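Asks: Pasting in a structure now, in structure tokens, and then I'll have a few things to ask.
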Amino acid sequence: MTESATAHSPTPGPASIDASTMRQMYEKMHLIRTFEERAAEQYMRGNIGGFLHLAIGEEAAVVGAVTALRPTDPITSTYREHGQALARGSDPNAVMAELFGRTTGVCNGRGGSMHLMDRAHALYGGYGIVGGSIPLAVGLGFAISYRQEDGVVMVMFGDGATNQGVLSESMNMAKLWHLPVIFFCLNNQYGMGTAITRAASDTELFTRAQAFDMPSRRIDGMDVMAVYSAVSDAAEYARSAHEPSMIEALAYRYRGHSMSDPDNTRPEEEKARWRARDPLITFERVLLGDAIASADELEQLRAANVTRVDEAVAFADGSPQVPISALADNVYAHPWSTNPRGGATMPSADQ
Amino acid sequence: MSTSPPTSVSYREALTQAMREELQRDPNVFLMGEDIGLFEGSFKVTRGLLNEFGPTRLVDTPISEAGFVGLGIGAAMSGLRPVIELMTVNFSIVAMDQIVNNAAKVRYMFGGQVSVPMVIRMPGGAGHQLGAQHSHSLEAWFTHIPGLKVACPSTPFDAKALLKTAIRDDDPVIFLESEGLYAKKGPIGGAEDLIPFGQGIIRREGTDCTIVAVSRMVWIALAAAELLAKEGIHCEVIDPRTTRPLDLEMIATSVRKTNHCVAVDEGWPECGLAANIAAHVYEQCFDWLDAPVGRVNAADVPMPYAHDLEQAALPRADDVAQAVRATLARRER
């Protein structure tokens, strides 16, 4: 991926955004980075199981996109979605507790790192099959349209998902039926360990939307204001024109695919080049340069985030394990058996 | 709505009536599928409904099974009640990731924050020389999955009543219709005649051997029971009507009476529906059994095209009767 590719990105429009929102965005970006670093540490200590996919480096894309929507606009995401939850306003305690698999987690310990849902914040879930959540998001958009509401759905997926057939199916239906859906592709340029140049015949992923007569653009996903501006435009378009669109945000994840990826195949020079454009550092320069915030204010904000994440870890660590007796809760809305090991097939007395 | 439902209605029309009544009853119900609107469905199950309810509630889709099944799941997660038609069960295989990974799991893995009140209707079964890719019976696949419910009606009455139960259910229901039963006629119930899931029915009473079958195989089992009655063998035919939940109480009660059991299943034998029923019967009725549980399945081959080969691959009444005789023969040894 070349720097020139970002030349497709339009100049961010006149940002109708106030100073406090900009400070909030920086705060969220820093919260995500802090949270992810602590999650990695807790994973190494054995407090977090399974897979752990970190979004370090992708904070601008996540926060810019989420902030541009109304808090009630549904979002779906991938298994790399701690940031989406935090950006949406989910309680860091409950998110960390979910990673720890505790009963106080956002999904009561049933989902884990890959499957965060927070319906109160219209986060409709993180999903583990690449591309698998995309038609669900189109269904959320269908429901908005069916009920003639004015919400907008944003489905966030990675570059890898653009090679799944279900994306094409979903884009086609969204455009065919004029659904208010933003297809937000966070292109971090690697599908696990496979570089996009080895996986996509056309690496300009935003062009995929052209096959469906859908407007699309590539933006700099390391620039939170550019992302905010693009998603604001897309949301306005979806709300007013009742049409879908696609955004490709070019970014980079600093870590490997997951904690079990030693990340020894990506060129060091490439990593260094992207780290030099670190989204937190560049946005801090904007905030200071435009006198949106003082260095002291930012330092206080960062310290508060560290404390907040310390609290989240302590909360998760001190939270109760999920009782084994709750193993079969929520398989069904109306269960008929209390014995999952026997084959849940013996009707209970009340049926 | 007619207060006295007609006494003889086809299985197809029974399904149409169920959907018509539920569309009228609940504005959250909508139908979606390939060629269900203007074309009125490949098997004409949605005949007349587009005119009645319009294109917002009867949505013709592109040929994108994974896409529109997934769309239905998302719509259901936000409270609508989609009734998705897959043209046949064979195309569910294309949508299996959506069904298994999303429909069946989102309630559980998100800690109960969402429901998926959707129905996926699909006709299946073989017998029409449609070849290897259009002749599946996948009851066992779906029954395997926690989070799904699976209904397999065998009569017009059950087709209507179970579909209405399915549409009102808050969990995802796989509704397996039989291509071979669409023209079958019989009585149906009224608008509020529903059948709870997990409640089987004894189609024929008998004392010598219990035959368990669903969907079209119920009729094969009844034909076998008729053949055997002439030999003085009296079979009890049980139709569980839903395979998940399964009315194991009814099956176990019958087997404890007859001490013999044959399970009939139009799918393949390995890890199949009949195998599963046999396992339950062994667990629940081991001390009552006088012989091993018999199984009658489709042949363990992809479905052939040639007419005689296909017929030979499918369970027939003679096969079921022979399995019952073999099971009972153990008693006399």
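A note on labels: chains of the structure tokens are A, B, ... as shown, every chain counts residues from 1, and ligands are counted from 1 in their shown order.
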Taking the DSSP assignment computed from this structure's backbone, write out as a PyMOL selection string all residues of region 32-194 of chain A that belong to alpha helix (DSSP H).
Replies: chain A and resi 32-44+59-67+82-88+92-99+134-146+165-176
Asks: Asn108 (chain A): which residues within 8 Å, counting only C-alpha atoms, same-chain residues fewer than 2 positions away excluded, as a list in words?
Replies: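 Listed by chain and then number, they are Glu98, Gly101, Arg102, Thr103, Thr104, Gly105, Val106, Arg110, Gly111 and Val322 of chain A; Phe110 and Gly111 of chain B.
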Asks: Which residues in region 228-297 of chain B does DSSP call strand (DSSP E)? List them as a compact mmCIF listing (two decimals) with C-alpha atoms, in the first residue's frame.
Replies:
```txt
# COMPACT_ATOMS: atom_id res chain seq x y z
CA CYS B 235 -47.60 -50.82 14.96
CA GLU B 236 -47.87 -47.57 16.84
CA VAL B 237 -46.85 -44.68 14.59
CA ILE B 238 -45.53 -41.60 16.36
CA ASP B 239 -45.01 -38.28 14.63
CA THR B 242 -40.79 -31.11 15.88
CA THR B 243 -37.35 -32.68 16.10
CA ARG B 244 -36.01 -29.92 18.35
CA CYS B 261 -38.87 -49.43 18.00
CA VAL B 262 -38.07 -48.56 14.40
CA ALA B 263 -37.02 -45.01 13.50
CA VAL B 264 -37.59 -43.82 9.94
CA GLY B 294 -34.27 -50.55 13.88
CA ARG B 295 -33.37 -47.74 11.53
CA VAL B 296 -34.66 -47.01 8.05
```
Asks: For chain A against chain B, which residues fall within 9 Å using only C-alpha atoms, given as JSON, numbers by chain?
Replies: {"A": [106, 107, 108, 109, 110, 111, 112, 115, 116, 117, 118, 119, 124, 125, 127, 128, 129, 132, 133, 134, 135, 136, 137, 138, 139, 140, 141, 142, 143, 144, 146, 147, 165, 166, 167, 168, 169, 170, 172, 173, 328, 329, 330, 331, 332, 333, 334, 336, 343, 344, 345, 346, 347, 351]}
Asks: Could you tell me how far CA of Asp158 (chain B) sits from CA of Gly124 (chain B), in Å to one decimal place?
Replies: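 Distance between the two atoms: 16.6 Å.
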Asks: Compile the contact shell of Ser178 (chain B) as a PyMOL selection string: residues with an atom at most 7 Å away, counting only C-alpha atoms, same-chain residues fewer than 2 positions apart removed.
Replies: chain B and resi 123-125+176+180-182+215-216
Asks: For the residues in the current selection, export C-alpha atoms as an mmCIF file, in the first residue's frame.
Replies:
```cif
data_model
loop_
_atom_site.group_PDB
_atom_site.id
_atom_site.type_symbol
_atom_site.label_atom_id
_atom_site.label_comp_id
_atom_site.auth_asym_id
_atom_site.auth_seq_id
_atom_site.Cartn_x
_atom_site.Cartn_y
_atom_site.Cartn_z
ATOM 1 C CA PRO B 123 -39.145 -27.569 1.323
ATOM 2 C CA GLY B 124 -36.963 -30.638 1.128
ATOM 3 C CA GLY B 125 -36.955 -34.301 0.394
ATOM 4 C CA LEU B 176 -38.983 -28.005 6.996
ATOM 5 C CA GLY B 180 -43.895 -34.496 -1.687
ATOM 6 C CA LEU B 181 -46.667 -33.314 0.631
ATOM 7 C CA TYR B 182 -47.700 -29.961 -0.871
ATOM 8 C CA SER B 215 -42.765 -35.257 7.600
ATOM 9 C CA ARG B 216 -43.365 -37.418 4.503
#
```
Asks: Suppose you want the space between CA of Val119 (chain B) and CA of Thr155 (chain B); what is it in Å?
Replies: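 Result for CA of Val119 (chain B) versus CA of Thr155 (chain B): 18.8 Å, one decimal.
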Asks: Report the distance between CA of Leu50 (chain B) and CA of Leu176 (chain A) in Å, rounded to one decimal place.
Replies: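 Separating CA of Leu50 (chain B) from CA of Leu176 (chain A) is a distance of 18.6 Å.
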Asks: Go through B:Ala317, B:Ala14, B:Val301, B:Leu49 one by one, measure the shortest atom-to-atom distance of each to Met217 (chain B) using only C-alpha atoms, and give the residue with the smallest value.
Replies: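 When distances to Met217 (chain B) are compared using only C-alpha atoms, the smallest one comes from B:Ala317.
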Asks: Which polymer residues have any atom within 10 Å of an atom of Ser16 (chain A), counting only C-alpha atoms, with same-chain residues fewer than 3 positions away left out, as a PyMOL selection string?
Replies: chain A and resi 13+19+228-229+232
Asks: Within 12 Å of Arg80 (chain A), counting only C-alpha atoms, which residues qualify if same-chain residues fewer than 4 places away don't, as a ChimeraX atom specification?
Replies: /A:32,36,51-56,58-59,62,76,84-85,112-116,125-130,156-158,186,188,192,253,255-259
Asks: Please list as JSON, numbers by chain every residue within 7 Å of Asp159 (chain A), counting only C-alpha atoms and excluding residues in the same chain fewer than 3 positions away.
Replies: {"A": [162, 185, 186, 187, 188, 189, 191]}
Asks: Give me the residues within 9 Å of Ile36 (chain B) as JSON, numbers by chain, counting only C-alpha atoms and dropping any in the same chain fewer than 3 places off.
Replies: {"B": [31, 32, 33, 39, 40, 41, 42, 44, 45, 46, 47, 49, 50, 58, 59, 60, 61, 85, 87]}
Asks: Taking only C-alpha atoms into account, name the residue in A:Gly64, A:Gly160, A:Gly131, A:Gly221 that is nearest to Tyr26 (chain A).
Replies: A:Gly64
